[in-house]
file query_33.csv (CSV, C-alpha atoms and all ligand atoms)
chain,number,residue,atom,x,y,z
A,52,MET,CA,7.7,60.7,15.5
A,53,THR,CA,5.1,58.8,17.5
A,54,ASP,CA,5.8,58.3,21.2
A,55,LEU,CA,4.5,55.3,23.2
A,56,PHE,CA,4.0,55.3,26.9
A,57,ASN,CA,1.9,53.4,29.4
A,58,ILE,CA,-1.1,55.3,30.6
A,59,ASN,CA,0.5,56.5,33.9
A,60,ASP,CA,3.8,57.7,32.5
A,61,GLY,CA,2.2,59.2,29.4
A,62,PHE,CA,-0.8,61.0,30.9
A,63,THR,CA,0.7,64.5,31.3
A,64,LEU,CA,2.2,64.4,27.8
A,65,ALA,CA,-1.1,63.1,26.4
A,66,LEU,CA,-3.0,66.0,27.9
A,67,ALA,CA,-0.4,68.6,26.7
A,68,THR,CA,-0.6,67.0,23.2
A,69,LEU,CA,-4.4,67.2,23.1
A,70,ARG,CA,-4.3,70.9,24.3
A,71,ARG,CA,-2.1,71.9,21.4
A,72,GLY,CA,-4.4,70.1,18.9
A,73,GLY,CA,-2.4,66.9,18.6
A,74,LEU,CA,-3.5,63.3,18.0
A,75,VAL,CA,-3.3,60.6,20.8
A,76,ALA,CA,-4.2,56.9,20.6
A,77,VAL,CA,-6.0,56.2,23.8
A,78,PRO,CA,-7.2,52.8,25.2
A,79,THR,CA,-10.9,52.4,26.1
A,80,GLU,CA,-12.7,49.3,27.4
A,81,THR,CA,-13.9,48.6,23.8
A,82,VAL,CA,-11.0,49.3,21.4
A,83,TYR,CA,-8.2,51.9,21.2
A,84,GLY,CA,-9.5,55.3,20.0
A,85,LEU,CA,-7.7,58.0,18.0
A,86,ALA,CA,-8.4,61.1,20.1
A,87,ALA,CA,-8.4,64.8,19.5
A,88,ASP,CA,-10.1,67.9,21.1
A,89,ALA,CA,-13.6,67.7,19.7
A,90,THR,CA,-14.0,71.5,19.9
A,91,SER,CA,-11.0,72.2,17.6
A,92,GLU,CA,-11.7,72.1,13.9
A,93,ARG,CA,-8.0,71.9,13.1
A,94,ALA,CA,-7.4,69.0,15.5
A,95,VAL,CA,-10.4,67.0,14.3
A,96,ALA,CA,-9.3,67.5,10.7
A,97,ARG,CA,-6.1,65.7,11.5
A,98,ILE,CA,-8.0,62.6,12.6
A,99,PHE,CA,-9.7,62.3,9.2
A,100,GLU,CA,-6.3,62.8,7.5
A,101,ALA,CA,-4.4,60.3,9.6
A,102,LYS,CA,-7.1,57.6,9.1
A,103,GLY,CA,-7.9,58.4,5.5
A,104,ARG,CA,-11.5,58.6,6.7
A,105,PRO,CA,-14.1,60.1,4.4
A,106,ALA,CA,-15.4,63.5,5.7
A,107,PHE,CA,-19.1,62.3,5.5
A,108,ASN,CA,-18.5,59.7,8.3
A,109,PRO,CA,-19.1,61.4,11.7
A,110,LEU,CA,-17.1,60.7,14.9
A,111,ILE,CA,-18.1,59.7,18.5
A,112,ALA,CA,-17.4,62.4,21.1
A,113,HIS,CA,-16.2,61.0,24.4
A,114,VAL,CA,-17.3,62.7,27.6
A,115,SER,CA,-16.0,62.6,31.1
A,116,ASN,CA,-19.5,62.5,32.7
A,117,ILE,CA,-23.2,63.0,32.0
A,118,ALA,CA,-23.0,66.7,32.8
A,119,MET,CA,-20.4,67.2,30.0
A,120,ALA,CA,-22.7,65.3,27.6
A,121,HIS,CA,-25.7,67.6,28.5
A,122,ARG,CA,-23.6,70.6,27.2
A,123,PHE,CA,-23.7,69.2,23.7
A,124,ALA,CA,-27.0,67.2,23.2
A,125,GLU,CA,-30.7,67.2,24.1
A,126,PHE,CA,-31.4,64.4,26.5
A,127,ASN,CA,-35.0,63.1,26.7
A,128,ASP,CA,-36.2,60.8,29.5
A,129,MET,CA,-35.1,57.7,27.6
A,130,ALA,CA,-31.6,59.1,26.9
A,131,ARG,CA,-31.3,60.0,30.6
A,132,LEU,CA,-32.3,56.5,31.6
A,133,LEU,CA,-29.8,54.7,29.3
A,134,ALA,CA,-26.9,57.0,30.2
A,135,ASP,CA,-27.7,56.6,34.0
A,136,ARG,CA,-27.8,52.9,33.6
A,137,PHE,CA,-25.0,52.1,31.2
A,138,TRP,CA,-22.4,54.9,31.4
A,139,PRO,CA,-19.5,54.6,31.8
A,140,GLY,CA,-19.6,51.7,29.3
A,141,PRO,CA,-19.7,50.4,25.8
A,142,LEU,CA,-22.8,52.3,24.7
A,143,THR,CA,-22.9,55.3,22.3
A,144,LEU,CA,-26.0,57.4,22.2
A,145,VAL,CA,-26.9,59.4,19.1
A,146,LEU,CA,-28.9,62.4,20.2
A,147,PRO,CA,-30.1,65.8,18.9
A,148,LEU,CA,-27.1,68.2,18.7
A,149,LYS,CA,-27.3,71.4,20.7
A,150,PRO,CA,-26.4,74.1,18.1
A,151,ARG,CA,-23.6,76.5,18.8
A,152,ALA,CA,-22.4,74.4,21.7
A,153,GLY,CA,-18.8,74.4,20.3
A,154,ILE,CA,-18.4,71.0,18.8
A,155,ALA,CA,-16.3,71.2,15.6
A,156,PRO,CA,-18.7,70.7,12.7
A,157,ALA,CA,-16.5,67.9,11.2
A,158,VAL,CA,-17.2,65.7,14.3
A,159,THR,CA,-20.9,65.4,13.3
A,160,ALA,CA,-20.2,65.6,9.6
A,161,GLY,CA,-22.9,68.3,9.3
A,162,HIS,CA,-25.6,66.2,10.9
A,163,GLN,CA,-28.1,67.6,13.5
A,164,THR,CA,-27.3,64.7,15.8
A,165,ILE,CA,-24.2,63.9,17.8
A,166,ALA,CA,-22.8,60.5,18.9
A,167,LEU,CA,-21.8,60.6,22.6
A,168,ARG,CA,-20.1,58.1,24.8
A,169,HIS,CA,-18.8,58.1,28.4
A,170,PRO,CA,-16.0,55.5,28.3
A,171,LEU,CA,-14.4,53.8,31.2
A,172,GLY,CA,-10.8,54.8,32.1
A,173,VAL,CA,-8.2,57.1,30.8
A,174,MET,CA,-10.1,58.5,27.8
A,175,ALA,CA,-12.7,60.0,30.3
A,176,SER,CA,-9.9,61.3,32.6
A,177,LEU,CA,-8.3,63.1,29.7
A,178,ALA,CA,-11.6,64.6,28.6
A,179,GLU,CA,-12.2,65.7,32.2
A,180,GLU,CA,-8.8,67.4,32.5
A,181,LEU,CA,-9.1,69.0,29.0
A,182,GLY,CA,-12.6,70.3,29.9
A,183,SER,CA,-13.9,69.2,26.4
A,184,PRO,CA,-15.0,66.0,24.8
A,185,LEU,CA,-12.6,64.0,22.8
A,186,ALA,CA,-13.5,63.1,19.3
A,187,ALA,CA,-12.3,59.5,18.7
A,188,PRO,CA,-12.9,56.9,16.0
A,189,SER,CA,-11.2,53.6,16.4
A,190,ALA,CA,-7.4,54.1,16.0
A,191,ASN,CA,-6.9,52.3,12.7
A,192,SER,CA,-6.6,53.3,9.1
A,193,SER,CA,-10.1,53.5,7.5
A,194,GLY,CA,-11.3,50.1,6.6
A,195,GLN,CA,-8.8,48.1,8.7
A,196,LEU,CA,-9.6,46.1,11.8
A,197,SER,CA,-10.1,48.0,15.1
A,198,PRO,CA,-7.0,47.9,17.4
A,199,THR,CA,-7.3,46.1,20.7
A,200,LEU,CA,-3.5,46.4,21.5
A,201,ALA,CA,-1.2,49.4,21.4
A,202,ALA,CA,1.0,47.3,19.0
A,203,HIS,CA,-1.8,47.2,16.5
A,204,VAL,CA,-2.0,51.0,16.6
A,205,ALA,CA,1.8,51.4,16.3
A,206,SER,CA,2.1,49.1,13.2
A,207,ASP,CA,-0.7,50.9,11.4
A,208,LEU,CA,-0.4,54.6,12.4
A,209,ALA,CA,3.2,55.2,13.7
A,210,GLY,CA,4.5,58.4,12.1
A,211,LYS,CA,1.0,59.8,11.5
A,212,ILE,CA,0.0,60.5,15.1
A,213,ASP,CA,1.8,62.1,18.0
A,214,LEU,CA,1.4,59.6,20.9
A,215,ILE,CA,0.1,56.2,21.8
A,216,LEU,CA,-1.0,55.4,25.4
A,217,ASP,CA,-0.6,51.7,26.2
A,218,ASN,CA,-2.9,49.9,28.6
A,219,GLY,CA,-2.6,46.4,27.4
A,220,PRO,CA,-5.5,44.5,25.7
A,221,CYS,CA,-9.0,46.1,25.8
A,222,GLU,CA,-11.4,44.5,28.2
A,223,VAL,CA,-14.4,44.2,25.8
A,224,GLY,CA,-12.6,44.0,22.5
A,225,LEU,CA,-15.5,45.1,20.2
A,226,GLU,CA,-16.7,48.7,19.5
A,227,SER,CA,-19.6,50.2,21.5
A,228,SER,CA,-23.2,49.5,20.7
A,229,ILE,CA,-24.8,52.6,19.1
A,230,VAL,CA,-28.4,53.5,19.8
A,231,LYS,CA,-30.1,56.5,18.2
A,232,ILE,CA,-32.9,58.1,20.2
A,233,GLU,CA,-35.6,60.1,18.4
A,234,ASP,CA,-38.6,61.0,20.6
A,235,ASP,CA,-39.9,57.6,21.9
A,236,GLN,CA,-38.1,55.5,19.3
A,237,CYS,CA,-34.7,53.8,19.9
A,238,THR,CA,-32.9,52.3,17.0
A,239,LEU,CA,-29.9,50.0,17.2
A,240,LEU,CA,-27.5,51.5,14.6
A,241,ARG,CA,-24.6,49.1,15.5
A,242,GLU,CA,-24.4,45.9,17.5
A,243,GLY,CA,-21.5,46.2,19.9
A,244,GLY,CA,-20.0,45.6,23.3
A,245,LEU,CA,-23.4,45.9,25.1
A,246,ALA,CA,-25.7,43.1,24.3
A,247,ARG,CA,-29.0,44.0,22.6
A,248,SER,CA,-31.0,42.2,25.3
A,249,THR,CA,-29.2,44.2,28.0
A,250,ILE,CA,-30.2,47.5,26.4
A,251,GLU,CA,-33.7,46.2,25.7
A,252,SER,CA,-34.1,45.3,29.4
A,253,VAL,CA,-34.1,49.1,30.0
A,254,ALA,CA,-35.3,50.6,26.7
A,255,GLY,CA,-37.8,48.1,25.6
A,256,PRO,CA,-37.6,46.6,22.0
A,257,LEU,CA,-35.1,48.4,19.8
A,258,GLN,CA,-35.8,49.2,16.1
A,259,ARG,CA,-33.3,47.6,13.7
A,260,ALA,CA,-31.6,50.1,11.4
A,261,GLY,CA,-32.9,49.5,7.9
A,262,SER,CA,-30.1,48.4,5.7
A,263,GLY,CA,-31.2,50.8,3.0
A,264,SER,CA,-31.7,53.8,5.2
A,265,ALA,CA,-29.3,56.5,4.1
A,266,ILE,CA,-27.0,58.0,6.6
A,267,GLN,CA,-28.6,56.5,9.7
A,268,ALA,CA,-25.2,55.1,10.6
A,269,PRO,CA,-23.0,56.5,7.9
A,270,GLY,CA,-20.1,54.3,8.6
A,271,MET,CA,-22.1,51.1,8.7
A,272,MET,CA,-23.3,51.0,5.1
A,273,LEU,CA,-20.3,49.3,3.4
A,274,ALA,CA,-18.0,46.4,4.3
A,275,HIS,CA,-15.4,47.2,6.8
A,276,TYR,CA,-13.4,45.5,9.6
A,277,ALA,CA,-11.6,43.8,6.7
A,278,PRO,CA,-8.5,41.7,7.1
A,279,ARG,CA,-6.5,41.5,3.9
A,280,LEU,CA,-7.3,37.8,3.4
A,281,PRO,CA,-10.7,36.4,2.3
A,282,VAL,CA,-12.8,35.2,5.2
A,283,ARG,CA,-15.1,32.1,5.0
A,284,LEU,CA,-17.8,31.9,7.7
A,285,ASN,CA,-19.4,28.9,9.5
A,286,ALA,CA,-16.6,26.6,8.3
A,287,PRO,CA,-16.6,23.2,10.2
A,288,ALA,CA,-12.9,22.7,9.3
A,289,PRO,CA,-10.2,24.7,7.5
A,290,GLY,CA,-9.6,23.9,3.8
A,291,LYS,CA,-6.2,23.7,2.0
A,292,ASN,CA,-4.1,26.9,2.6
A,293,GLU,CA,-6.6,28.3,5.1
A,294,ALA,CA,-5.9,29.4,8.6
A,295,PHE,CA,-8.6,28.5,11.1
A,296,LEU,CA,-10.4,30.7,13.6
A,297,ALA,CA,-12.0,28.2,16.0
A,298,PHE,CA,-14.5,28.6,18.8
A,299,GLY,CA,-15.1,26.2,21.7
A,300,PRO,CA,-13.6,22.8,22.5
A,301,GLN,CA,-12.1,20.9,19.5
A,302,ASP,CA,-12.1,17.2,19.1
A,303,GLU,CA,-10.0,17.3,15.9
A,304,ASN,CA,-6.5,18.6,15.2
A,305,PHE,CA,-6.2,20.3,11.8
A,306,ASN,CA,-3.0,20.9,9.9
A,307,ALA,CA,-3.6,24.6,9.8
A,308,VAL,CA,-2.5,27.7,11.7
A,309,THR,CA,-5.2,27.9,14.3
A,310,ARG,CA,-6.4,30.4,16.9
A,311,ASN,CA,-9.2,29.6,19.3
A,312,LEU,CA,-11.4,32.5,20.3
A,313,SER,CA,-12.5,30.7,23.5
A,314,LEU,CA,-11.7,27.0,24.3
A,315,THR,CA,-14.5,27.0,26.8
A,316,GLY,CA,-17.0,28.6,24.4
A,317,ASN,CA,-17.2,31.9,26.3
A,318,LEU,CA,-18.5,34.7,24.1
A,319,ASN,CA,-17.1,37.5,26.1
A,320,GLU,CA,-13.6,36.0,25.9
A,321,ALA,CA,-14.2,35.5,22.1
A,322,ALA,CA,-15.1,39.2,21.7
A,323,ARG,CA,-11.9,40.2,23.6
A,324,ASN,CA,-9.8,38.0,21.3
A,325,LEU,CA,-11.5,38.6,18.0
A,326,PHE,CA,-9.6,41.4,16.4
A,327,ALA,CA,-6.2,40.3,17.7
A,328,MET,CA,-6.6,36.8,16.4
A,329,LEU,CA,-8.0,37.9,13.0
A,330,ASN,CA,-4.9,40.1,12.8
A,331,ASP,CA,-2.6,37.2,13.7
A,332,LEU,CA,-4.2,34.9,11.1
A,333,ASP,CA,-4.1,37.7,8.5
A,334,ASN,CA,-0.3,37.7,8.9
A,335,SER,CA,0.1,34.0,9.1
A,336,GLY,CA,1.1,33.2,5.5
A,337,ALA,CA,-2.2,31.4,4.9
A,338,GLN,CA,-4.3,32.4,1.8
A,339,ALA,CA,-7.7,32.7,3.5
A,340,ILE,CA,-9.3,32.5,7.0
A,341,ALA,CA,-11.9,29.9,7.8
A,342,VAL,CA,-14.1,30.8,10.8
A,343,GLN,CA,-16.0,28.2,12.8
A,344,PHE,CA,-19.7,28.8,13.7
A,345,ILE,CA,-20.2,31.2,16.6
A,346,PRO,CA,-23.5,31.5,18.4
A,347,THR,CA,-25.4,34.8,18.0
A,348,ASP,CA,-26.7,35.2,21.6
A,349,GLY,CA,-25.5,38.1,23.7
A,350,ILE,CA,-22.3,39.7,22.4
A,351,GLY,CA,-22.2,36.9,19.8
A,352,ALA,CA,-24.5,39.1,17.7
A,353,ALA,CA,-21.8,41.8,17.5
A,354,ILE,CA,-19.1,39.2,16.8
A,355,ASN,CA,-21.1,37.8,13.9
A,356,ASP,CA,-21.8,41.3,12.6
A,357,ARG,CA,-18.0,42.1,12.5
A,358,LEU,CA,-17.3,38.7,10.9
A,359,ARG,CA,-19.9,39.2,8.2
A,360,ARG,CA,-18.4,42.5,7.3
A,361,ALA,CA,-14.9,41.0,7.2
A,362,ALA,CA,-16.3,38.3,4.9
A,363,HIS,CA,-17.8,40.9,2.5
A,364,ALA,CA,-15.1,40.3,0.1
A,365,ALA,CA,-16.8,41.8,-2.9
A,366,ASN,CA,-16.8,45.3,-1.3
A,367,ARG,CA,-13.4,44.8,0.4
A,368,HIS,CA,-11.8,47.7,-1.4
A,369,GLU,CA,-14.7,50.1,-0.9
A,370,ALA,CA,-14.4,49.9,2.9
A,371,VAL,CA,-15.2,53.3,4.3
A,372,ASP,CA,-15.4,53.0,8.1
A,373,GLY,CA,-12.8,52.1,10.5
A,401,LIG,O1,-16.2,51.6,20.9
A,401,LIG,C1,-16.2,52.5,20.1
A,401,LIG,O2,-17.3,53.0,19.7
A,401,LIG,C2,-14.9,53.1,19.6
A,401,LIG,C3,-14.2,53.7,20.8
A,401,LIG,C4,-12.9,54.4,20.4
A,401,LIG,O3,-15.0,54.6,21.5
A,401,LIG,N1,-15.1,54.1,18.6
A,401,LIG,C5,-15.5,53.7,17.3
A,401,LIG,O4,-15.6,54.8,16.5
A,401,LIG,O5,-15.8,52.6,17.0
A,401,LIG,P1,-15.8,54.6,14.9
A,401,LIG,O6,-15.6,56.0,14.3
A,401,LIG,O7,-14.9,53.6,14.4
A,401,LIG,O8,-17.3,54.3,14.7
A,401,LIG,C6,-18.3,55.2,15.0
A,401,LIG,C7,-19.5,54.9,14.3
A,401,LIG,C8,-19.4,55.1,12.8
A,401,LIG,O9,-20.0,54.1,12.1
A,401,LIG,C9,-20.2,56.4,12.6
A,401,LIG,O10,-20.7,56.5,11.3
A,401,LIG,C10,-21.2,56.4,13.6
A,401,LIG,O11,-20.5,55.9,14.7
A,401,LIG,N2,-21.7,57.7,14.0
A,401,LIG,C11,-21.0,58.8,14.5
A,401,LIG,N3,-21.8,59.9,14.7
A,401,LIG,C12,-23.0,59.5,14.2
A,401,LIG,C13,-24.3,60.2,14.1
A,401,LIG,N4,-24.4,61.5,14.5
A,401,LIG,N5,-25.3,59.5,13.6
A,401,LIG,C14,-25.2,58.2,13.2
A,401,LIG,N6,-24.0,57.5,13.3
A,401,LIG,C15,-23.0,58.2,13.8
A,402,MG,MG,-13.9,52.2,13.5
call {"tool": "encode", "arguments": {"input": "query_33.csv", "output": "structure tokens"}}
result
Amino acid sequence: MTDLFNINDGFTLALATLRRGGLVAVPTETVYGLAADATSERAVARIFEAKGRPAFNPLIAHVSNIAMAHRFAEFNDMARLLADRFWPGPLTLVLPLKPRAGIAPAVTAGHQTIALRHPLGVMASLAEELGSPLAAPSANSSGQLSPTLAAHVASDLAGKIDLILDNGPCEVGLESSIVKIEDDQCTLLREGGLARSTIESVAGPLQRAGSGSAIQAPGMMLAHYAPRLPVRLNAPAPGKNEAFLAFGPQDENFNAVTRNLSLTGNLNEAARNLFAMLNDLDNSGAQAIAVQFIPTDGIGAAINDRLRRAAHAANRHEAVDG
């Protein structure tokens, strides 16, 4: 049985569930996460099982503050600077793991690094009360779209997890940006909710993760974020039997199921709407989804990244991340 409560009514039950090694879907400003106590090997194993996630793909550990993060990772000056400036927020830092600090080995999938994030809101409050980080991937079956509504989590994972906390739609709507810090070098492993240029204004130029580089970002190697339908990008108009994901003001009316990511052409609004609208169109009865051109500035880079992965039809059935 999977319970569903709003974040206020369900907080105490969520905490008790986490304390006994259970799984709770928790809203963050980016997407809903599937949380478990990151220090419990048994609890973390349940995350991989519920999502059908391969064991080689490590999880983000969510902390309640910078002090908690320091218990588990080595922070150099750059890491300190980025955490001070952008936490709480949609930025994940991959840092050297402190050995024997008590993180369940499955969280880092055996790597000597750990991905840490201080999120905004109830996820951080739960970690604070628990006294331990919460391991949490996005709360979807591996390879599916990330959930930005409690209803997405319920339709995908009900029966496999203990509790869903509902806080309405997520504010950012895309997963966190992931930056790996090694000595003086910062590498952007995943475009996400914090624009590259914003991070670079503090960190200087970021290295781009080489597409061939093994296990830099284990979950980013193959297609994922896949709707069931084929996705066609940069489409000026929908074709026959296609649903249409539009962006910006429209001067033509098409005879197709249409969602508009942002009528005014606002990229932050588009990010917030992306996964829910893809999800709607995926269930619209159309045979494919045509997506209009979306600019790549700011958070548009992350929107285009997710759409490219969604369109990667050839690898659709090999999706590993979620
Ligand atoms: O916004 C987010 O980041 C959401 C919310 C719930 O915080 N979480 C999320 O988690 O998107 P997930 O598991 O769907 O994506 C985490 C990504 C994966 O691609 C994983 O491979 C990568 O982070 N990752 C985790 N630990 C890593 C590490 N030590 N080194 C490199 N990549 C790592
Ligand atoms: Mg995911």
call {"tool": "closest_residue", "arguments": {"input": "query_33.csv", "among": "A:Ala106, A:Ala178, A:Val145, A:Ala120", "to": "ligand LIG 401 (chain A)", "atoms": "all atoms listed in the file"}}
result
A:Val145
call {"tool": "atom_distance", "arguments": {"input": "query_33.csv", "atom1": "CA of Ala155 (chain A)", "atom2": "CA of Arg93 (chain A)"}}
result
8.7 Å
call {"tool": "closest_residue", "arguments": {"input": "query_33.csv", "among": "A:Arg168, A:Lys102, A:Arg122, A:Arg136", "to": "ligand LIG 401 (chain A)", "atoms": "all atoms listed in the file"}}
result
A:Arg168
call {"tool": "residues_near_ligand", "arguments": {"input": "query_33.csv", "ligand": "ligand LIG 401 (chain A)", "cutoff": "8 Å", "atoms": "only C-alpha atoms and all ligand atoms", "output": "PyMOL selection string"}}
result
chain A and resi 77-85+108-111+113+141-143+145-146+158-160+162-168+170+187-190+197+225-229+231+240-241+243-244+266-271+372-373
call {"tool": "residues_around", "arguments": {"input": "query_33.csv", "residues": "Ala152 (chain A)", "least_positions_apart": "4", "cutoff": "12 Å", "atoms": "only C-alpha atoms", "output": "mmCIF file with C-alpha atoms, keeping the file's coordinate frame"}}
result
data_model
loop_
_atom_site.group_PDB
_atom_site.id
_atom_site.type_symbol
_atom_site.label_atom_id
_atom_site.label_comp_id
_atom_site.auth_asym_id
_atom_site.auth_seq_id
_atom_site.Cartn_x
_atom_site.Cartn_y
_atom_site.Cartn_z
ATOM 1 C CA ALA A 89 -13.600 67.700 19.700
ATOM 2 C CA THR A 90 -14.000 71.500 19.900
ATOM 3 C CA MET A 119 -20.400 67.200 30.000
ATOM 4 C CA ALA A 120 -22.700 65.300 27.600
ATOM 5 C CA HIS A 121 -25.700 67.600 28.500
ATOM 6 C CA ARG A 122 -23.600 70.600 27.200
ATOM 7 C CA PHE A 123 -23.700 69.200 23.700
ATOM 8 C CA ALA A 124 -27.000 67.200 23.200
ATOM 9 C CA GLU A 125 -30.700 67.200 24.100
ATOM 10 C CA PRO A 147 -30.100 65.800 18.900
ATOM 11 C CA LEU A 148 -27.100 68.200 18.700
ATOM 12 C CA PRO A 156 -18.700 70.700 12.700
ATOM 13 C CA ILE A 165 -24.200 63.900 17.800
ATOM 14 C CA SER A 183 -13.900 69.200 26.400
ATOM 15 C CA PRO A 184 -15.000 66.000 24.800
#
call {"tool": "closest_residue", "arguments": {"input": "query_33.csv", "among": "A:Asn355, A:Thr347, A:Thr249, A:Asn218", "to": "Leu284 (chain A)", "atoms": "all atoms listed in the file"}}
result
A:Asn355
call {"tool": "closest_residue", "arguments": {"input": "query_33.csv", "among": "A:Ala175, A:Ile250, A:Cys237, A:Ala277", "to": "ligand MG 402 (chain A)", "atoms": "only C-alpha atoms and all ligand atoms"}}
result
A:Ala277
call {"tool": "residues_near_point", "arguments": {"input": "query_33.csv", "point": "(-6.3, 47.2, 8.1)", "cutoff": "9 Å", "atoms": "all atoms listed in the file", "output": "ChimeraX atom specification"}}
result
/A:191-197,207,276-279,330,373
call {"tool": "closest_residue", "arguments": {"input": "query_33.csv", "among": "A:Gly255, A:Thr68, A:Pro139, A:Val308", "to": "Lys291 (chain A)", "atoms": "only C-alpha atoms"}}
result
A:Val308
call {"tool": "closest_residue", "arguments": {"input": "query_33.csv", "among": "A:Thr199, A:Ser248, A:Asn306, A:Ser115", "to": "Gly351 (chain A)", "atoms": "only C-alpha atoms"}}
result
A:Ser248
call {"tool": "atom_distance", "arguments": {"input": "query_33.csv", "atom1": "CA of Leu280 (chain A)", "atom2": "CA of Leu325 (chain A)"}}
result
15.2 Å
call {"tool": "atom_distance", "arguments": {"input": "query_33.csv", "atom1": "CA of Asn116 (chain A)", "atom2": "CA of Asp88 (chain A)"}}
result
15.9 Å
call {"tool": "residues_around", "arguments": {"input": "query_33.csv", "residues": "Asn127 (chain A)", "least_positions_apart": "2", "cutoff": "9 Å", "atoms": "only C-alpha atoms", "output": "list in words"}}
result
Glu125, Met129, Ala130, Arg131, Leu132, Leu146, Ile232, Glu233, Asp234 and Asp235 of chain A
call {"tool": "residues_around", "arguments": {"input": "query_33.csv", "residues": "Leu296 (chain A)", "least_positions_apart": "2", "cutoff": "6 Å", "atoms": "all atoms listed in the file", "output": "compact mmCIF listing (two decimals) with C-alpha atoms, in the frame of the given file"}}
result
# COMPACT_ATOMS: atom_id res chain seq x y z
CA THR A 309 -5.20 27.90 14.30
CA ARG A 310 -6.40 30.40 16.90
CA ASN A 311 -9.20 29.60 19.30
CA VAL A 342 -14.10 30.80 10.80
